[in-house]
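Structure file coords29.csv with CSV, C-alpha atoms and all ligand atoms:
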chain,number,residue,atom,x,y,z
A,158,MET,CA,-10.0,-14.8,15.5
A,159,LYS,CA,-7.4,-13.1,17.6
A,160,TYR,CA,-7.4,-13.6,21.4
A,161,ILE,CA,-6.2,-11.4,24.3
A,162,THR,CA,-5.7,-12.2,28.0
A,163,PHE,CA,-8.8,-10.8,29.7
A,164,ASN,CA,-10.0,-11.9,33.2
A,165,HIS,CA,-7.0,-14.2,33.2
A,166,GLN,CA,-8.5,-16.1,30.3
A,167,ASN,CA,-8.0,-16.4,26.6
A,168,THR,CA,-10.7,-14.1,25.3
A,169,SER,CA,-11.7,-13.1,21.8
A,170,ALA,CA,-10.4,-9.6,20.8
A,171,ILE,CA,-14.0,-8.4,20.8
A,172,GLY,CA,-17.0,-9.4,22.9
A,173,ILE,CA,-20.7,-9.1,22.2
A,174,GLY,CA,-22.6,-6.1,23.6
A,175,THR,CA,-26.3,-6.6,24.0
A,176,TRP,CA,-27.9,-3.3,25.2
A,177,HIS,CA,-31.3,-2.9,23.4
A,178,LEU,CA,-31.3,-6.4,22.0
A,179,GLY,CA,-34.6,-8.4,22.5
A,180,GLU,CA,-36.7,-5.3,22.7
A,181,GLY,CA,-38.2,-5.5,19.1
A,182,ASN,CA,-40.8,-7.8,17.5
A,183,GLN,CA,-40.3,-11.5,16.9
A,184,ALA,CA,-38.6,-11.1,13.5
A,185,GLN,CA,-36.2,-8.6,14.9
A,186,THR,CA,-35.4,-10.7,17.9
A,187,GLU,CA,-34.7,-13.7,15.6
A,188,ALA,CA,-32.4,-11.5,13.5
A,189,GLU,CA,-30.6,-10.4,16.6
A,190,MET,CA,-30.1,-14.0,17.8
A,191,GLN,CA,-28.7,-14.9,14.4
A,192,ALA,CA,-26.2,-12.1,14.8
A,193,ILE,CA,-25.0,-13.3,18.1
A,194,ARG,CA,-24.8,-16.9,16.8
A,195,TYR,CA,-22.7,-15.7,13.9
A,196,GLY,CA,-20.3,-14.0,16.3
A,197,LEU,CA,-20.1,-17.1,18.6
A,198,ASP,CA,-19.7,-19.4,15.6
A,199,HIS,CA,-16.7,-17.3,14.4
A,200,GLY,CA,-14.7,-17.3,17.6
A,201,ILE,CA,-16.2,-14.7,19.9
A,202,ASN,CA,-16.3,-16.1,23.4
A,203,LEU,CA,-17.7,-13.3,25.6
A,204,ILE,CA,-21.1,-11.7,26.0
A,205,ASP,CA,-21.9,-8.6,28.0
A,206,THR,CA,-25.4,-8.0,29.3
A,207,ALA,CA,-27.2,-6.5,32.4
A,208,GLU,CA,-30.5,-6.8,34.3
A,209,MET,CA,-31.1,-3.2,33.2
A,210,TYR,CA,-31.1,-3.9,29.4
A,211,GLY,CA,-34.8,-4.1,28.5
A,212,GLU,CA,-35.5,-4.9,32.1
A,213,GLY,CA,-34.4,-8.5,31.4
A,214,LEU,CA,-35.2,-8.8,27.7
A,215,SER,CA,-31.6,-8.8,26.7
A,216,GLU,CA,-30.7,-11.5,29.2
A,217,SER,CA,-33.6,-13.6,28.1
A,218,LEU,CA,-32.4,-13.3,24.4
A,219,VAL,CA,-28.9,-14.2,25.4
A,220,GLY,CA,-30.2,-17.2,27.4
A,221,ASN,CA,-32.1,-18.5,24.3
A,222,VAL,CA,-28.9,-18.3,22.2
A,223,MET,CA,-26.5,-19.7,24.8
A,224,LYS,CA,-28.4,-22.8,25.5
A,225,ASP,CA,-27.2,-24.2,22.2
A,226,TYR,CA,-23.5,-23.7,23.1
A,227,HIS,CA,-21.1,-25.3,25.6
A,228,ARG,CA,-21.4,-23.0,28.6
A,229,GLU,CA,-17.8,-23.5,29.7
A,230,ASP,CA,-16.6,-22.2,26.3
A,231,LEU,CA,-18.2,-18.8,26.9
A,232,GLN,CA,-17.6,-16.0,29.4
A,233,LEU,CA,-20.8,-14.3,30.5
A,234,ILE,CA,-20.9,-10.9,32.1
A,235,SER,CA,-24.0,-9.4,33.7
A,236,LYS,CA,-24.6,-6.4,35.9
A,237,PHE,CA,-26.9,-5.3,38.7
A,238,TYR,CA,-28.4,-1.9,39.4
A,239,PRO,CA,-26.7,0.2,42.1
A,240,PHE,CA,-30.0,0.1,44.0
A,241,HIS,CA,-29.7,-3.7,44.2
A,242,ALA,CA,-26.2,-3.5,45.6
A,243,THR,CA,-26.8,-4.8,49.1
A,244,PRO,CA,-26.0,-8.5,49.9
A,245,GLU,CA,-29.6,-9.5,50.0
A,246,LEU,CA,-30.7,-7.7,46.8
A,247,ILE,CA,-27.5,-8.9,44.9
A,248,LYS,CA,-28.6,-12.4,45.6
A,249,THR,CA,-32.1,-11.8,44.4
A,250,SER,CA,-31.0,-10.0,41.3
A,251,LEU,CA,-28.4,-12.6,40.5
A,252,LYS,CA,-30.9,-15.5,40.7
A,253,ALA,CA,-33.3,-13.7,38.4
A,254,SER,CA,-30.5,-13.0,35.9
A,255,LEU,CA,-29.3,-16.6,36.0
A,256,LYS,CA,-32.9,-17.8,35.4
A,257,ARG,CA,-33.3,-15.5,32.3
A,258,LEU,CA,-29.9,-16.5,31.1
A,259,GLN,CA,-30.7,-20.2,31.5
A,260,THR,CA,-27.4,-20.9,33.3
A,261,ASP,CA,-26.2,-21.7,36.8
A,262,TYR,CA,-23.3,-19.3,37.0
A,263,LEU,CA,-21.9,-16.0,35.7
A,264,ASP,CA,-18.2,-15.6,34.9
A,265,LEU,CA,-18.4,-11.9,36.0
A,266,TYR,CA,-21.0,-10.0,37.9
A,267,LEU,CA,-20.6,-6.2,37.9
A,268,LEU,CA,-21.9,-3.3,39.9
A,269,HIS,CA,-23.3,-1.3,36.9
A,270,TRP,CA,-22.4,2.1,38.4
A,271,ARG,CA,-21.8,3.5,41.8
A,272,GLY,CA,-24.8,4.2,44.0
A,273,ASP,CA,-25.5,4.9,47.7
A,274,THR,CA,-24.7,1.5,49.1
A,275,PRO,CA,-21.3,1.4,50.8
A,276,LEU,CA,-18.8,-0.4,48.6
A,277,SER,CA,-17.8,-2.6,51.5
A,278,GLU,CA,-21.4,-4.0,51.7
A,279,THR,CA,-21.4,-4.7,48.0
A,280,ILE,CA,-18.1,-6.5,48.1
A,281,PHE,CA,-19.3,-8.6,51.0
A,282,GLY,CA,-22.4,-9.6,49.0
A,283,LEU,CA,-20.4,-10.4,45.9
A,284,GLU,CA,-17.8,-12.5,47.8
A,285,GLN,CA,-20.7,-14.5,49.2
A,286,MET,CA,-22.0,-15.2,45.7
A,287,VAL,CA,-18.5,-16.3,44.7
A,288,GLN,CA,-18.5,-18.7,47.7
A,289,THR,CA,-21.8,-20.2,46.6
A,290,GLY,CA,-20.4,-20.7,43.0
A,291,LEU,CA,-23.2,-18.6,41.4
A,292,ILE,CA,-20.5,-16.3,40.1
A,293,LYS,CA,-16.8,-17.0,39.3
A,294,ASN,CA,-15.6,-13.5,39.8
A,295,TRP,CA,-16.9,-9.9,40.1
A,296,GLY,CA,-16.1,-6.4,38.9
A,297,VAL,CA,-17.4,-2.9,38.5
A,298,SER,CA,-18.5,-0.5,35.8
A,299,ASN,CA,-18.3,3.3,35.3
A,300,PHE,CA,-15.7,3.6,38.1
A,301,ASP,CA,-13.1,6.4,37.9
A,302,LEU,CA,-9.6,6.3,39.3
A,303,ALA,CA,-10.7,7.5,42.8
A,304,ASP,CA,-13.5,4.9,42.9
A,305,LEU,CA,-11.0,2.2,41.9
A,306,LYS,CA,-8.5,3.2,44.5
A,307,GLU,CA,-11.1,3.4,47.2
A,308,LEU,CA,-12.4,-0.1,46.3
A,309,SER,CA,-8.9,-1.7,46.3
A,310,ASN,CA,-8.3,-0.4,49.8
A,311,LEU,CA,-11.3,-2.2,51.2
A,312,GLU,CA,-11.3,-5.8,52.5
A,313,ASN,CA,-11.4,-8.1,49.5
A,314,GLY,CA,-11.5,-5.1,47.2
A,315,GLN,CA,-8.4,-6.4,45.4
A,316,ASN,CA,-10.6,-9.3,44.2
A,317,CYS,CA,-12.3,-7.0,41.7
A,318,ARG,CA,-11.4,-8.6,38.3
A,319,ILE,CA,-12.5,-6.0,35.8
A,320,ASN,CA,-13.8,-2.4,35.3
A,321,GLU,CA,-16.0,-1.5,32.3
A,322,ASP,CA,-16.0,2.1,31.2
A,323,LEU,CA,-16.8,4.1,28.0
A,324,TYR,CA,-14.0,4.0,25.5
A,325,ASN,CA,-13.9,5.1,21.9
A,326,ILE,CA,-11.9,7.5,19.7
A,327,GLY,CA,-13.9,10.5,20.9
A,328,SER,CA,-13.8,9.5,24.6
A,329,ARG,CA,-10.1,8.7,25.4
A,330,GLY,CA,-10.1,9.8,29.1
A,331,ILE,CA,-9.4,6.3,30.5
A,332,GLU,CA,-6.0,6.3,28.7
A,333,TYR,CA,-4.7,8.9,31.1
A,334,SER,CA,-4.7,7.0,34.4
A,335,ILE,CA,-7.5,4.4,34.6
A,336,LEU,CA,-6.0,2.0,32.0
A,337,PRO,CA,-2.4,2.2,33.3
A,338,TRP,CA,-3.7,1.8,36.9
A,339,GLN,CA,-5.7,-1.2,36.0
A,340,LYS,CA,-2.8,-2.8,34.2
A,341,GLN,CA,-0.6,-2.3,37.2
A,342,HIS,CA,-3.2,-3.9,39.5
A,343,ASP,CA,-4.0,-6.8,37.2
A,344,MET,CA,-7.5,-5.7,36.6
A,345,SER,CA,-8.8,-6.2,33.1
A,346,PHE,CA,-10.5,-3.4,31.2
A,347,VAL,CA,-13.7,-3.5,29.1
A,348,GLY,CA,-14.4,-0.5,26.8
A,349,TYR,CA,-18.0,0.0,26.0
A,350,SER,CA,-19.7,1.9,23.1
A,351,PRO,CA,-16.8,1.7,20.5
A,352,PHE,CA,-19.1,3.4,18.0
A,353,GLY,CA,-20.4,6.0,20.5
A,354,SER,CA,-23.6,4.0,21.0
A,355,ASP,CA,-26.6,5.1,18.9
A,356,GLY,CA,-26.1,8.0,16.4
A,357,SER,CA,-23.7,10.8,16.7
A,358,GLU,CA,-24.7,12.2,20.0
A,359,TYR,CA,-21.7,10.7,21.8
A,360,LEU,CA,-19.1,10.6,19.0
A,361,ASN,CA,-18.3,13.3,16.6
A,362,ILE,CA,-17.2,11.6,13.3
A,363,LYS,CA,-14.8,14.1,11.8
A,364,PRO,CA,-13.9,14.0,8.0
A,365,VAL,CA,-10.4,12.5,8.8
A,366,ILE,CA,-12.2,9.2,9.8
A,367,LYS,CA,-14.2,9.0,6.7
A,368,GLU,CA,-11.2,9.8,4.5
A,369,MET,CA,-9.0,7.3,6.3
A,370,ALA,CA,-11.6,4.6,6.1
A,371,GLN,CA,-12.1,5.2,2.4
A,372,ALA,CA,-8.3,5.0,1.8
A,373,LYS,CA,-8.0,1.8,3.8
A,374,ASN,CA,-11.1,0.4,2.0
A,375,ILE,CA,-12.9,-0.3,5.2
A,376,SER,CA,-16.1,1.2,6.7
A,377,VAL,CA,-16.1,4.0,9.3
A,378,HIS,CA,-17.4,1.5,11.9
A,379,GLN,CA,-14.5,-0.9,11.1
A,380,LEU,CA,-12.0,1.9,11.6
A,381,LEU,CA,-13.6,2.9,14.9
A,382,LEU,CA,-13.5,-0.6,16.3
A,383,ALA,CA,-10.1,-1.4,15.0
A,384,TRP,CA,-8.8,1.7,16.6
A,385,VAL,CA,-10.2,0.8,20.0
A,386,ILE,CA,-8.5,-2.6,20.0
A,387,ARG,CA,-5.3,-1.5,18.3
A,388,ASN,CA,-3.0,-2.3,21.3
A,389,HIS,CA,-4.5,-5.7,22.1
A,390,ASP,CA,-4.7,-4.8,25.8
A,391,LEU,CA,-8.4,-4.3,26.4
A,392,LEU,CA,-11.7,-5.8,25.4
A,393,SER,CA,-14.3,-3.9,23.2
A,394,ILE,CA,-17.9,-5.0,23.2
A,395,PRO,CA,-19.7,-3.6,20.1
A,396,LYS,CA,-23.4,-4.2,19.9
A,397,THR,CA,-25.1,-5.3,16.7
A,398,GLY,CA,-28.4,-6.9,15.9
A,399,SER,CA,-27.4,-7.6,12.3
A,400,VAL,CA,-25.4,-10.5,10.8
A,401,THR,CA,-23.9,-8.2,8.2
A,402,HIS,CA,-22.7,-5.8,10.9
A,403,MET,CA,-21.3,-8.7,12.9
A,404,GLN,CA,-19.3,-9.9,9.9
A,405,SER,CA,-18.0,-6.4,9.4
A,406,ASN,CA,-17.0,-6.1,13.1
A,407,LEU,CA,-15.2,-9.5,13.0
A,408,ALA,CA,-13.3,-8.3,9.9
A,409,ALA,CA,-12.2,-5.2,11.8
A,410,ILE,CA,-10.1,-7.3,14.1
A,411,ASP,CA,-7.6,-7.7,11.3
A,412,VAL,CA,-7.4,-4.0,10.4
A,413,GLN,CA,-3.9,-2.5,11.2
A,414,PHE,CA,-2.8,1.1,11.4
A,415,THR,CA,0.6,2.6,10.4
A,416,GLU,CA,2.3,4.9,12.9
A,417,ASP,CA,1.5,7.8,10.6
A,418,GLU,CA,-2.2,7.0,10.6
A,419,LEU,CA,-2.3,6.8,14.4
A,420,ARG,CA,-0.5,10.1,14.6
A,421,LEU,CA,-3.0,11.7,12.3
A,422,LEU,CA,-5.9,10.4,14.3
A,423,ASP,CA,-4.2,11.6,17.5
A,424,LYS,CA,-4.1,15.1,16.0
A,425,TYR,CA,-7.9,15.2,15.6
A,426,TYR,CA,-8.8,13.1,18.6
A,427,PRO,CA,-6.0,14.0,21.1
A,428,LYS,CA,-4.9,11.8,24.0
A,429,PRO,CA,-5.8,13.2,27.4
A,430,THR,CA,-3.0,15.4,28.9
A,431,GLN,CA,-4.6,15.7,32.3
A,432,GLU,CA,-7.0,13.7,34.5
A,433,PRO,CA,-10.4,14.2,32.9
A,434,SER,CA,-13.7,13.5,34.7
A,435,LEU,CA,-15.1,10.1,33.7
A,436,GLU,CA,-17.4,10.1,30.8
A,437,THR,CA,-20.3,7.7,30.8
A,438,ILE,CA,-23.3,6.9,28.7
B,1,LIG,P1,-22.0,0.7,20.2
B,1,LIG,O1,-21.0,1.8,20.3
B,1,LIG,O2,-21.6,-0.7,20.2
B,1,LIG,O3,-22.9,1.0,19.0
B,1,LIG,C1,-24.1,0.3,18.7
B,1,LIG,C2,-24.7,0.9,17.4
B,1,LIG,O4,-23.8,0.7,16.3
B,1,LIG,C3,-26.0,0.2,17.0
B,1,LIG,O5,-26.8,1.2,16.5
B,1,LIG,C4,-25.6,-0.8,15.9
B,1,LIG,O6,-26.7,-1.0,15.0
B,1,LIG,C5,-24.5,0.0,15.2
B,1,LIG,N1,-23.5,-0.9,14.6
B,1,LIG,C6,-22.8,-2.0,15.1
B,1,LIG,N2,-22.0,-2.5,14.3
B,1,LIG,C7,-22.1,-1.8,13.1
B,1,LIG,C8,-21.5,-1.9,11.8
B,1,LIG,N3,-20.5,-2.8,11.6
B,1,LIG,N4,-21.9,-1.0,10.9
B,1,LIG,C9,-22.8,-0.1,11.1
B,1,LIG,N5,-23.4,0.1,12.3
B,1,LIG,C10,-23.1,-0.8,13.3
B,1,LIG,O7,-23.1,1.0,21.4
B,1,LIG,P2,-23.5,0.4,22.8
B,1,LIG,O8,-23.9,1.6,23.6
B,1,LIG,O9,-24.6,-0.6,22.6
B,1,LIG,O10,-22.2,-0.2,23.4
B,1,LIG,C11,-21.9,-1.6,23.2
B,1,LIG,C12,-22.2,-2.4,24.5
B,1,LIG,O11,-21.5,-1.9,25.6
B,1,LIG,C13,-23.6,-2.4,24.9
B,1,LIG,O12,-24.5,-3.1,24.0
B,1,LIG,C14,-23.5,-2.9,26.3
B,1,LIG,O13,-23.3,-4.3,26.3
B,1,LIG,C15,-22.2,-2.2,26.8
B,1,LIG,N6,-22.5,-0.9,27.5
B,1,LIG,C16,-22.2,-0.9,28.8
B,1,LIG,C17,-22.5,0.3,29.5
B,1,LIG,C18,-22.2,0.3,31.0
B,1,LIG,O14,-22.6,1.2,31.7
B,1,LIG,N7,-21.4,-0.7,31.5
B,1,LIG,C19,-23.0,1.5,28.9
B,1,LIG,C20,-23.2,1.4,27.4
B,1,LIG,C21,-22.9,0.2,26.8
B,1,LIG,P3,-27.1,-2.5,14.5
B,1,LIG,O15,-27.6,-3.2,15.7
B,1,LIG,O16,-28.1,-2.2,13.5
B,1,LIG,O17,-25.9,-3.1,13.9

Would you mind writing the file's structure down as structure tokens?
Ligand code: NDP
Amino acid sequence: MKYITFNHQNTSAIGIGTWHLGEGNQAQTEAEMQAIRYGLDHGINLIDTAEMYGEGLSESLVGNVMKDYHREDLQLISKFYPFHATPELIKTSLKASLKRLQTDYLDLYLLHWRGDTPLSETIFGLEQMVQTGLIKNWGVSNFDLADLKELSNLENGQNCRINEDLYNIGSRGIEYSILPWQKQHDMSFVGYSPFGSDGSEYLNIKPVIKEMAQAKNISVHQLLLAWVIRNHDLLSIPKTGSVTHMQSNLAAIDVQFTEDELRLLDKYYPKPTQEPSLETI
């Protein structure tokens, strides 16, 4: 396993995404738990979940796996709905998440996306939860540059540890200013949906990817994941409910690109040349 510095900690080069896990029948849920266990047993030390995922089913599944591991060896991220972003509702949501996760703290608690509650109120509620020890740190998700700047100008806004946005080869917008800004402000970045989520709706796989994967003797998914983590400066959180796919994703960590290969991919999936609007799923 390779490790990066993320959230000021030694963190595996990929984390475990969990959207849609725990929503199937018992056999499927068992297979999904095996996939997570395989990842944790092979060095992954971060799991990403949310109260939204299956309305708690994902958190419950993660809790069932995590109880067999040393809690302090893992970083656990969960997220609350924007309509739960007031101090009172944050506390209620957090306690329900902790119960499902069978733990007494989260490493990171994120505002899932921006809603109507003023950010200052949300920060106040999150800081209270840090004081109680129920969360170690907090962050945000689906924030664009203007949101991040606004946040950091508020009282305690600089305590925001991470921002989690969409990032894959077909959605490179964050490279333009969000990623550089976060590096400058010591805020870690999580890129979600390295494969473009489910199916091709969010990511157009062009022939160059298939040809390059074939030439490198790896799968298309391995190429996509290896590309996202190529600079060792952000965390990607692929989701899989299959041990075989988890093995493949772990192996992708060792895939390297030549300068020529990266240039060729840039040609078909260009870097942003101006500030794009934030893409989300
Ligand atoms: P991903 O881009 O991770 O793609 C998941 C899909 O890829 C699944 O269909 C999975 O199927 C398949 N897959 C995974 N590995 C392989 C492989 N090696 N070979 C072939 N297929 C594979 O999508 P997500 O949208 O789930 O994103 C990842 C995580 O990011 C989420 O689970 C969630 O934790 C987070 N997220 C956060 C958001 C936010 O707003 N903050 C929004 C969206 C996602 P299978 O299970 O069969 O392997």

#### Entry: Contacts of Leu218 of chain A within 9 Å, all atoms listed in the file, excl. fewer than 3 positions in-chain, as a PyMOL selection string
chain A and resi 178-179+186+189-190+213-215+221-223+257-258

### Query
Which residue out of A:Gln339, A:Thr415, A:Ser393, A:Ser334 has the minimum interatomic distance to Ile161 of chain A when all atoms listed in the file are used?
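Closest to Ile161 of chain A of all the choices is A:Ser393.
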
### Message
What's the separation between atom CA of Ile326 of chain A and atom CA of Asn388 of chain A, in Å to one decimal place?
### Response
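Here the two named atoms are 13.3 Å from each other.
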
### Task
Grab me every residue within 7 Å of ligand LIG 1 (chain B), counting all atoms listed in the file, and send it over as a ChimeraX atom specification.
/A:173-177,205-206,269-270,298-299,321-323,349-356,378-379,394-399,402-403,405-406,437-438

### Of the listed residues A:Gln431, A:Leu391, A:Trp384, A:Ala184, that which approaches Ala409 of chain A most closely, counting all atoms listed in the file
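Nearest candidate to Ala409 of chain A out of A:Gln431, A:Leu391, A:Trp384, A:Ala184: A:Trp384.
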
### Message
Could you tell me how far atom CA of Thr260 of chain A sits from atom CA of Ala170 of chain A, in Å to one decimal place?
### Response
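Separating atom CA of Ala170 of chain A from atom CA of Thr260 of chain A is a distance of 23.9 Å.
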
### Residues near Asp273 of chain A, cut-off 9 Å, only C-alpha atoms, skip fewer than 4 positions along chain, as a list in words
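My reading of the contact set: Pro239, Phe240 and Ala242 of chain A.
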
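From atom CA of Ile171 of chain A back to atom CA of Ser328 of chain A, the distance works out to 18.3 Å.
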